[in-house]
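Engineer: Structure file my_file11.txt (compact mmCIF, C-alpha atoms) is given on the next line.
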# COMPACT_ATOMS: atom_id res chain seq x y z
CA MET Q 1 71.01 124.68 82.54
CA ASN Q 2 74.36 123.80 84.10
CA GLN Q 3 74.04 126.70 86.54
CA VAL Q 4 71.11 124.96 88.23
CA TYR Q 5 73.06 121.79 89.06
CA PRO Q 6 75.07 123.15 92.04
CA PHE Q 7 71.85 124.43 93.62
CA LEU Q 8 70.18 121.07 93.08
CA ALA Q 9 73.16 119.25 94.65
CA ALA Q 10 73.19 121.57 97.68
CA GLY Q 11 69.41 121.18 98.04
CA LEU Q 12 69.69 117.39 98.00
CA LEU Q 13 72.48 117.52 100.59
CA LEU Q 14 70.28 119.75 102.75
CA ASN Q 15 67.60 117.09 102.33
CA ILE Q 16 70.04 114.49 103.70
CA VAL Q 17 70.99 116.70 106.66
CA VAL Q 18 67.31 117.20 107.54
CA GLY Q 19 66.71 113.47 107.09
CA LEU Q 20 69.36 112.69 109.71
CA VAL Q 21 66.59 113.39 112.23
CA ARG Q 22 65.03 110.07 111.18
CA ILE Q 23 68.24 108.26 112.05
CA LEU Q 24 68.34 109.98 115.42
CA ARG Q 25 64.69 109.47 116.38
CA GLY Q 26 63.71 106.27 114.53
CA PRO Q 27 61.41 105.12 116.07
CA THR Q 28 61.95 101.63 114.60
CA ALA Q 29 64.99 100.08 112.93
CA ALA Q 30 63.11 100.00 109.61
CA ASP Q 31 62.66 103.79 109.70
CA ARG Q 32 66.41 104.26 110.17
CA MET Q 33 67.29 101.85 107.37
CA LEU Q 34 64.82 103.48 104.98
CA ALA Q 35 66.36 106.85 105.81
CA ALA Q 36 69.80 105.43 104.94
CA GLU Q 37 68.44 104.08 101.65
CA MET Q 38 66.94 107.49 100.87
CA PHE Q 39 70.37 109.03 101.52
CA ALA Q 40 71.96 106.54 99.14
CA THR Q 41 69.51 107.55 96.40
CA SER Q 42 70.17 111.24 97.08
CA ALA Q 43 73.94 110.65 97.11
CA ILE Q 44 73.71 108.95 93.70
CA VAL Q 45 71.99 112.03 92.27
CA ILE Q 46 74.43 114.39 94.01
CA VAL Q 47 77.45 112.55 92.56
CA LEU Q 48 75.88 112.49 89.08
CA LEU Q 49 75.17 116.25 89.30
CA LEU Q 50 78.75 116.89 90.42
CA ALA Q 51 79.98 114.76 87.51
CA PHE Q 52 78.15 117.06 85.10
CA VAL Q 53 79.26 120.24 86.92
CA THR Q 54 82.94 119.30 86.97
CA GLY Q 55 82.89 117.36 83.71
CA SER Q 56 84.82 114.42 85.18
CA PHE Q 57 82.76 111.45 84.14
CA ALA Q 58 84.77 108.98 86.22
CA LEU Q 59 82.35 110.02 88.95
CA VAL Q 60 79.57 108.12 87.18
CA ASP Q 61 81.34 104.94 88.34
CA VAL Q 62 81.05 106.12 91.95
CA ALA Q 63 77.29 106.53 91.47
CA LEU Q 64 77.16 103.06 89.90
CA ILE Q 65 78.84 101.51 92.95
CA PHE Q 66 76.52 103.43 95.28
CA SER Q 67 73.48 102.05 93.50
CA LEU Q 68 74.72 98.44 93.57
CA LEU Q 69 75.82 98.42 97.19
CA ALA Q 70 72.74 100.24 98.50
CA ALA Q 71 70.77 97.20 97.32
CA LEU Q 72 73.17 94.96 99.26
CA ALA Q 73 72.72 96.99 102.48
CA CYS Q 74 68.94 96.78 102.10
CA VAL Q 75 69.00 92.99 101.51
CA THR Q 76 71.35 92.46 104.46
CA PHE Q 77 69.07 94.48 106.70
CA VAL Q 78 65.88 92.67 105.66
CA SER Q 79 67.30 89.15 105.82
CA ARG Q 80 69.59 89.43 108.85
CA ALA Q 81 69.41 92.44 111.11
CA TRP Q 82 65.68 93.14 111.05
CA VAL Q 83 64.54 89.75 112.36
CA ALA Q 84 67.28 89.72 115.01
CA LEU Q 85 66.34 93.20 116.20
CA GLU Q 86 62.63 92.32 116.32
CA GLN Q 87 63.40 89.21 118.36
CA ALA Q 88 65.57 91.20 120.72
CA SER Q 89 62.76 93.70 121.28
CA ASP Q 90 60.26 90.86 121.83
CA ASP Q 91 62.56 89.30 124.44
CA ALA Q 92 62.79 92.58 126.27
CA ALA Q 93 59.02 93.13 126.12
CA SER Q 94 58.98 94.61 129.60
CA GLY Q 95 61.45 97.35 128.74
CA PRO Q 96 61.53 99.60 125.69
CA PRO Q 97 62.85 97.90 122.49
CA PRO Q 98 66.49 98.64 121.67
CA GLY Q 99 65.56 100.88 118.78
CA ASP Q 100 63.43 103.18 120.89
CA ARG Q 101 65.89 104.65 123.29
CA GLY Q 102 66.73 108.13 122.10
CA ASP Q 103 69.69 108.89 124.35
CA THR Q 104 73.12 109.81 123.06
CA GLN Q 105 74.98 111.79 125.69
CA MET B 106 80.61 126.32 92.11
CA GLY B 107 81.32 129.46 94.08
CA LEU B 108 79.16 130.30 97.07
CA VAL B 109 76.87 127.32 96.53
CA GLY B 110 79.94 125.08 96.66
CA GLN B 111 80.95 126.55 100.01
CA VAL B 112 77.46 126.02 101.43
CA PHE B 113 77.59 122.44 100.10
CA ASP B 114 80.97 121.80 101.74
CA ALA B 115 79.84 123.29 105.06
CA LEU B 116 76.70 121.10 105.10
CA LEU B 117 78.82 118.06 104.23
CA ALA B 118 81.32 118.79 107.02
CA ILE B 119 78.59 119.28 109.63
CA ALA B 120 76.82 116.06 108.59
CA LEU B 121 80.11 114.10 108.65
CA VAL B 122 81.09 115.24 112.14
CA TRP B 123 77.58 114.55 113.44
CA LEU B 124 77.51 111.06 111.87
CA ALA B 125 80.99 110.21 113.18
CA TRP B 126 79.84 111.21 116.66
CA GLN B 127 76.70 109.10 116.29
CA ALA B 128 78.59 106.08 114.94
CA THR B 129 80.92 106.00 117.93
CA ARG B 130 78.65 107.28 120.69
CA ALA B 131 75.08 106.11 119.99
CA ALA B 132 73.78 103.87 122.78
CA ASP B 133 71.78 101.79 120.32
CA LEU B 134 74.06 99.61 118.20
CA PHE B 135 71.79 99.58 115.16
CA ARG B 136 71.71 103.35 115.09
CA ALA B 137 75.50 103.38 115.28
CA VAL B 138 75.74 100.98 112.31
CA VAL B 139 73.29 103.01 110.18
CA SER B 140 75.22 106.17 111.07
CA PHE B 141 78.43 104.44 109.96
CA ILE B 142 76.89 103.42 106.61
CA VAL B 143 75.65 106.96 105.95
CA PHE B 144 79.05 108.30 107.08
CA GLY B 145 80.75 106.16 104.43
CA LEU B 146 78.29 107.41 101.83
CA LEU B 147 78.90 111.09 102.62
CA MET B 148 82.65 110.50 102.97
CA ALA B 149 82.65 109.26 99.38
CA VAL B 150 80.81 112.45 98.36
CA ALA B 151 83.47 114.44 100.25
CA TRP B 152 86.23 112.68 98.28
CA VAL B 153 84.32 113.54 95.10
CA ARG B 154 84.32 117.18 96.19
CA LEU B 155 88.08 116.96 96.86
CA GLU B 156 88.52 115.72 93.25
CA ALA B 157 89.87 112.32 94.33
CA PRO B 158 87.62 109.91 92.40
CA ASP B 159 89.91 106.93 93.13
CA ILE B 160 89.45 107.25 96.89
CA ALA B 161 85.74 107.98 96.37
CA LEU B 162 85.41 104.67 94.50
CA ALA B 163 87.24 102.72 97.20
CA GLU B 164 85.28 104.44 99.98
CA ALA B 165 81.95 103.79 98.23
CA ALA B 166 82.76 100.12 97.65
CA ILE B 167 84.52 99.22 100.90
CA GLY B 168 83.43 101.84 103.45
CA ALA B 169 79.76 102.23 102.63
CA GLY B 170 79.13 98.87 100.98
CA ALA B 171 81.09 95.85 102.17
CA THR B 172 81.77 97.05 105.74
CA GLY B 173 78.17 98.17 106.16
CA ALA B 174 76.87 94.72 105.23
CA LEU B 175 79.48 93.15 107.55
CA LEU B 176 78.38 95.26 110.52
CA LEU B 177 74.67 94.82 109.78
CA SER B 178 74.92 91.04 109.87
CA ALA B 179 77.14 91.12 112.96
CA LEU B 180 74.20 92.79 114.74
CA ASP B 181 72.23 89.56 115.20
CA ARG B 182 74.97 88.37 117.51
CA LEU B 183 75.27 91.65 119.34
CA ALA B 184 71.61 92.72 119.55
CA PRO B 185 70.57 90.75 122.65
CA ARG B 186 73.37 92.33 124.63
CA ARG B 187 72.06 95.83 123.88
CA GLY B 188 74.28 98.86 123.51
CA ARG B 189 76.49 99.92 126.38
CA SER B 190 75.53 103.08 128.17
CA TRP B 191 78.28 105.41 127.12
CA ALA B 192 77.24 108.03 129.64
CA ARG B 193 78.23 105.69 132.47
CA VAL B 194 81.57 104.79 130.90
CA TRP B 195 82.26 108.45 130.36
CA ARG B 196 81.59 109.41 133.96
CA ALA B 197 83.21 106.44 135.66
CA ASP B 198 86.51 106.42 133.80
CA ALA B 199 88.78 109.07 135.27
CA ARG B 200 91.69 107.70 133.22
CA THR B 201 89.97 109.00 130.10
CA TRP B 202 90.62 112.56 131.19
CA VAL B 203 94.12 112.19 132.63
CA LEU B 204 95.56 109.76 130.10
CA TRP B 205 93.69 109.29 126.84
CA VAL B 206 92.46 112.80 126.05
CA PRO B 207 95.93 114.39 126.47
CA ALA B 208 97.55 111.49 124.60
CA VAL B 209 95.18 111.81 121.63
CA MET B 210 95.57 115.59 121.59
CA ALA B 211 99.37 115.28 121.64
CA LEU B 212 99.23 112.76 118.77
CA ALA B 213 96.92 115.04 116.76
CA GLY B 214 99.26 117.98 117.42
CA ALA B 215 102.32 115.98 116.33
CA LEU B 216 100.58 114.80 113.16
CA THR B 217 99.49 118.34 112.32
CA ALA B 218 103.05 119.59 112.84
CA ALA B 219 104.40 116.78 110.64
CA ALA B 220 101.84 117.50 107.91
CA TRP B 221 102.72 121.20 108.09
CA GLN B 222 106.38 120.48 107.32
CA LEU B 223 105.73 118.29 104.28
CA PRO B 224 107.43 119.60 101.13
CA ALA B 225 104.96 121.86 99.37
CA PRO B 226 104.30 120.38 95.89
CA GLY B 227 104.40 116.75 97.09
CA LEU B 228 105.36 113.85 94.86
CA GLY B 229 102.55 114.23 92.33
CA ALA B 230 104.79 115.73 89.65
CA VAL B 231 107.43 113.03 90.14
CA ALA B 232 104.82 110.28 89.78
CA THR B 233 103.23 111.74 86.65
CA GLY B 234 106.69 112.36 85.21
CA ALA B 235 107.66 108.70 85.54
CA LEU B 236 104.30 107.47 84.24
CA GLU B 237 105.74 106.32 80.92
CA GLN B 238 108.02 103.78 82.61
CA SER B 239 105.27 102.41 84.87
CA GLY B 240 103.36 100.36 82.29
CA VAL B 241 99.95 101.99 82.92
CA ASP B 242 98.35 105.29 81.92
CA HIS B 243 96.77 106.18 85.25
CA ALA B 244 98.96 107.75 87.93
CA VAL B 245 97.11 106.26 90.92
CA THR B 246 97.36 102.71 89.57
CA ALA B 247 101.03 103.31 88.76
CA VAL B 248 101.65 104.38 92.38
CA LEU B 249 99.59 101.53 93.85
CA LEU B 250 101.03 98.68 91.80
CA ASN B 251 104.44 99.90 90.72
CA PHE B 252 106.03 102.83 92.56
CA ARG B 253 104.60 102.00 95.99
CA ALA B 254 103.55 98.38 95.42
CA LEU B 255 104.95 97.50 98.85
CA ASP B 256 102.05 99.39 100.48
CA THR B 257 99.51 97.43 98.44
CA LEU B 258 101.26 94.17 99.35
CA LEU B 259 100.97 95.02 103.04
CA GLU B 260 97.30 96.06 102.66
CA ILE B 261 96.45 92.69 101.12
CA GLY B 262 98.50 91.08 103.89
CA VAL B 263 96.26 92.81 106.46
CA LEU B 264 93.18 91.38 104.72
CA VAL B 265 94.72 87.88 104.70
CA LEU B 266 95.46 88.19 108.42
CA ALA B 267 91.88 89.32 109.07
CA ALA B 268 90.48 86.31 107.22
CA VAL B 269 92.82 83.94 109.08
CA ALA B 270 91.81 85.51 112.41
CA VAL B 271 88.07 85.27 111.65
CA TRP B 272 88.32 81.65 110.47
CA SER B 273 90.35 80.61 113.50
CA MET B 274 87.50 81.79 115.77
CA GLY B 275 85.72 78.52 115.01
CA PRO B 276 83.20 77.15 112.53
CA ALA B 277 80.85 79.58 110.80
CA PRO B 278 77.65 79.99 112.85
CA ALA B 279 74.48 78.43 111.49
CA ALA B 280 72.83 81.86 111.30
CA SER B 281 74.64 82.33 107.98
CA ALA B 282 71.38 81.10 106.43
CA PRO B 283 68.70 83.75 105.89
CA VAL B 284 66.62 84.20 109.03
CA MET B 285 63.60 85.27 107.01
CA PRO B 286 63.36 83.20 103.80
CA SER B 287 61.70 85.13 101.04
CA PRO B 288 60.92 84.12 97.45
CA THR B 289 62.11 87.48 96.14
CA LEU B 290 65.65 87.12 97.51
CA PRO B 291 66.87 84.28 95.20
CA MET B 292 65.35 86.11 92.24
CA LEU B 293 67.09 89.35 93.24
CA GLY B 294 70.36 87.47 93.70
CA ARG B 295 70.14 85.82 90.29
CA THR B 296 69.28 89.14 88.62
CA LEU B 297 71.86 91.31 90.35
CA PHE B 298 74.85 88.98 90.65
CA PRO B 299 75.78 89.18 86.92
CA VAL B 300 75.69 92.98 87.23
CA PHE B 301 78.10 92.81 90.19
CA VAL B 302 80.48 90.61 88.18
CA LEU B 303 80.22 92.90 85.15
CA VAL B 304 80.88 96.05 87.19
CA ALA B 305 83.84 94.39 88.96
CA ALA B 306 85.39 93.40 85.64
CA TYR B 307 84.75 96.89 84.28
CA LEU B 308 86.43 98.57 87.28
CA LEU B 309 89.42 96.23 86.97
CA TRP B 310 89.78 97.09 83.29
CA ARG B 311 89.31 100.82 83.96
CA GLY B 312 92.17 100.73 86.47
CA SER B 313 94.85 100.79 83.80
CA HIS B 314 93.86 104.20 82.45
CA ALA B 315 91.28 105.79 84.80
CA PRO B 316 90.02 105.59 88.41
CA GLY B 317 89.25 101.97 89.27
CA GLY B 318 91.51 99.06 90.02
CA ALA B 319 91.80 96.00 92.19
CA PHE B 320 90.41 97.26 95.51
CA PRO B 321 87.06 98.66 94.32
CA ALA B 322 86.67 95.76 91.87
CA GLY B 323 87.40 93.19 94.57
CA ALA B 324 85.00 94.88 96.98
CA VAL B 325 82.19 94.91 94.40
CA LEU B 326 82.76 91.25 93.52
CA GLY B 327 82.91 90.31 97.21
CA ALA B 328 79.67 92.22 97.79
CA GLY B 329 78.09 90.22 94.95
CA GLY B 330 79.15 87.02 96.72
CA ILE B 331 77.61 88.27 99.97
CA LEU B 332 74.37 89.02 98.09
CA MET B 333 74.27 85.46 96.74
CA LEU B 334 74.90 84.11 100.26
CA LEU B 335 72.01 86.21 101.59
CA ALA B 336 69.82 84.96 98.75
CA GLY B 337 70.35 81.41 100.01
CA ALA B 338 73.21 80.18 97.83
CA GLN B 339 75.77 77.86 99.38
CA PRO B 340 79.47 78.69 99.39
CA TRP B 341 81.16 76.23 97.06
CA ILE B 342 83.10 74.06 99.48
CA ARG B 343 83.45 70.36 98.87
CA SER B 344 86.01 69.27 101.42
CA ALA B 345 87.32 70.24 104.84
CA GLU B 346 90.46 71.58 103.14
CA HIS B 347 88.34 74.22 101.35
CA GLY B 348 89.52 73.08 97.91
CA PRO B 349 90.66 75.95 95.73
CA TRP B 350 89.56 78.55 98.30
CA ARG B 351 92.89 78.68 100.06
CA ALA B 352 94.71 79.08 96.75
CA ILE B 353 92.56 82.05 95.68
CA LEU B 354 92.61 83.61 99.16
CA SER B 355 96.38 83.70 99.22
CA ALA B 356 97.01 84.19 95.48
CA GLY B 357 96.99 88.01 95.58
CA PHE B 358 99.57 88.19 98.35
CA ALA B 359 101.67 85.33 97.00
CA VAL B 360 101.83 86.59 93.40
CA MET B 361 102.74 90.12 94.52
CA LEU B 362 105.48 88.78 96.79
CA PHE B 363 106.73 86.56 93.95
CA ALA B 364 106.88 89.53 91.56
CA ALA B 365 108.75 91.59 94.15
CA ILE B 366 111.33 88.85 94.83
CA VAL B 367 111.84 88.06 91.13
CA GLY B 368 112.44 91.76 90.54
CA ALA B 369 114.99 91.81 93.34
CA LEU B 370 116.74 88.64 92.12
CA ALA B 371 116.90 89.93 88.54
CA GLY B 372 119.19 92.68 89.73
CA GLY B 373 116.74 95.45 90.41
CA ALA B 374 115.25 96.69 93.63
CA PHE B 375 112.43 95.01 95.58
CA PHE B 376 109.31 95.44 93.37
CA GLU B 377 111.26 96.74 90.38
CA TYR B 378 109.74 95.33 87.19
CA PRO B 379 111.58 95.72 83.89
CA ALA B 380 109.84 98.52 81.99
CA ALA B 381 109.28 96.23 78.98
CA ILE B 382 107.00 93.80 80.83
CA ALA B 383 105.67 96.21 83.48
CA SER B 384 102.32 96.51 81.75
CA HIS B 385 101.72 92.73 81.69
CA ALA B 386 103.06 92.27 85.22
CA ILE B 387 100.66 94.92 86.56
CA LEU B 388 97.74 93.31 84.73
CA VAL B 389 98.48 89.91 86.29
CA LEU B 390 98.96 91.47 89.73
CA GLU B 391 95.75 93.45 89.43
CA VAL B 392 93.61 90.47 88.39
CA THR B 393 94.95 88.16 91.12
CA ALA B 394 94.75 90.91 93.75
CA GLY B 395 91.15 91.68 92.73
CA MET B 396 90.12 88.00 92.97
CA SER B 397 91.85 87.62 96.34
CA ILE B 398 90.30 90.78 97.78
CA ALA B 399 86.83 89.66 96.67
CA LEU B 400 87.19 86.24 98.28
CA LEU B 401 88.89 87.66 101.38
CA LEU B 402 86.00 90.06 102.05
CA PHE B 403 83.58 87.19 101.47
CA ALA B 404 85.60 84.93 103.82
CA VAL B 405 85.52 87.56 106.55
CA TYR B 406 81.76 87.91 106.06
CA LEU B 407 81.23 84.18 106.77
CA ARG B 408 82.12 84.94 110.42
CA GLY B 409 84.01 81.69 110.88
CA GLU B 410 85.57 78.78 109.09
CA PRO B 411 83.03 77.40 106.60
CA HIS B 412 82.49 73.68 106.81
CA PRO B 413 80.83 71.49 104.16
CA ALA B 414 79.01 69.33 106.74
CA ALA B 415 77.57 72.26 108.65
CA ASP B 416 75.39 73.66 105.91
CA THR B 417 73.49 70.66 104.54
CA ASP B 418 70.13 72.02 105.71
CA ARG B 419 70.61 75.32 103.95
CA GLN B 420 68.24 76.30 101.22
CA ARG B 421 69.78 75.63 97.84
CA CYS B 422 69.73 78.20 95.11
Translate the structure described by the file into structure tokens.
Structural biologist:
Amino acid sequence: MNQVYPFLAAGLLLNIVVGLVRILRGPTAADRMLAAEMFATSAIVIVLLLAFVTGSFALVDVALIFSLLAALACVTFVSRAWVALEQASDDAASGPPPGDRGDTQ
Amino acid sequence: MGLVGQVFDALLAIALVWLAWQATRAADLFRAVVSFIVFGLLMAVAWVRLEAPDIALAEAAIGAGATGALLLSALDRLAPRRGRSWARVWRADARTWVLWVPAVMALAGALTAAAWQLPAPGLGAVATGALEQSGVDHAVTAVLLNFRALDTLLEIGVLVLAAVAVWSMGPAPAASAPVMPSPTLPMLGRTLFPVFVLVAAYLLWRGSHAPGGAFPAGAVLGAGGILMLLAGAQPWIRSAEHGPWRAILSAGFAVMLFAAIVGALAGGAFFEYPAAIASHAILVLEVTAGMSIALLLFAVYLRGEPHPAADTDRQRC
């Protein structure tokens, strides 16, 4: 069973890399934040899998901190950033909202 | 993990470089902040892969957690201004190409050359060899709070300076109250805050014999305080002098400095504890440093000097 874990971890990381498209394209701030939360969940599983592969169970603490602080990021986003970003996009109703511009350069 | 491990590392490296680019270059500030949070997350996974669980813990707690929340709530002040167009800055600034790019490349080259000439086995064997005299069973904690305690003292000093700088910007803005009040937030705060305290205490206790210690513990506790603030709780301030706040904010730095000077006066070197009481001294230092770091992160998050009169209209929890 242990031989499957590295493949699972690599698959989940591939999932994160593919999901980075959501952060790039949005379109709204909520999409980007949900993508980040999905990455946090995947990272928890990856770290737990690596803990079982390497047998160093101190890594379980890292997963524990991930899970606690992902909740904090989500709460901060909902109660602070989201409303501010929505207001900013309402103010600039004539132009595209700040979350919609897809340029990096 | 063999070949799968190499594929994993390659994916991780690509994602990290891409996210670092996004975090510094994205025109939209929110996208930059989300990229930074995910960068911290994957950086912690990278430290796990490099078999450095101590740094992974600190990175997960401070990089991905506390700093992410800090940047996310700074956005409501920055959002109306919109992101700067980096393309324009890039084109207009000729100095970038003549001055900064060569300077950064020269610095990177010098650092690489210096790293190349480091003695091969490093100091790991020396540190583990002297572990018995350090008072703790975990090499990283022994280095952080005994062998190289001066570095930790200076790190806490940087945090104290940051808190002083943020508070001297003026009173905390009124937007510290939740912009969107929700009945679920106080409930979430009440449910989760005890878990934050428990995990912080656990990490502090773990520090003496396994990865953990004051910095991750302080960051988790500070994050718990931020969660309570977001849930509508009021910071406990009764007077303009901030009551016991100042004492706790400076306790970590002060107690470490005191221990260092007492060690020096007792005939040893700066930060030399007698081996007999080293274990107790490190415990005291670790607890005070953890409390200070938690409150310092929380103080920085307030975005200004808190004032008891300014937050009378805030929802009580």
Engineer: Pick from Q:Thr41, Q:Asp31, Q:Leu48, Q:Thr76: nearest to Q:Pro6, with only C-alpha atoms counted?
Structural biologist: Q:Leu48
Engineer: Between B:Gly227, B:Pro288, B:Pro411, B:Gly145, which is the closest to Q:Ala36 once you count only C-alpha atoms?
Structural biologist: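 Of all the options, B:Gly145 lies closest to Q:Ala36.
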Engineer: What does the structure give for the distance between atom CA of B:Val325 and atom CA of B:Leu162, in Å to one decimal?
Structural biologist: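 It comes out at 10.3 Å.
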Engineer: Residues at most 12 Å from stretch 366-373 of chain B, counting all atoms listed in the file, excluding those fewer than 6 positions away in the same chain, as JSON, numbers by chain?
Structural biologist: {"B": [251, 255, 359, 360, 379, 380, 382, 383, 386]}
Engineer: Counting all atoms listed in the file, figure out which residue out of Q:Asn15, Q:Thr28, Q:Ser79, Q:Gln3 gets nearest to chain B.
Structural biologist: Q:Ser79
Engineer: Excluding B:Ala161 and any residue of its chain fewer than 3 positions from it, enumerate the residues within 10 Å of it, using all atoms listed in the file, and give them as a ChimeraX atom specification.
Structural biologist: /Q:59,61-63 /B:145-158,164-168,316-317,321
Engineer: Go ahead and find all residues with at least one atom no further than 10 Å from (74.9, 109.5, 90.1) in the file's coordinates, using only C-alpha atoms; report them as a PyMOL selection string.
Structural biologist: chain Q and resi 40-52+59-67
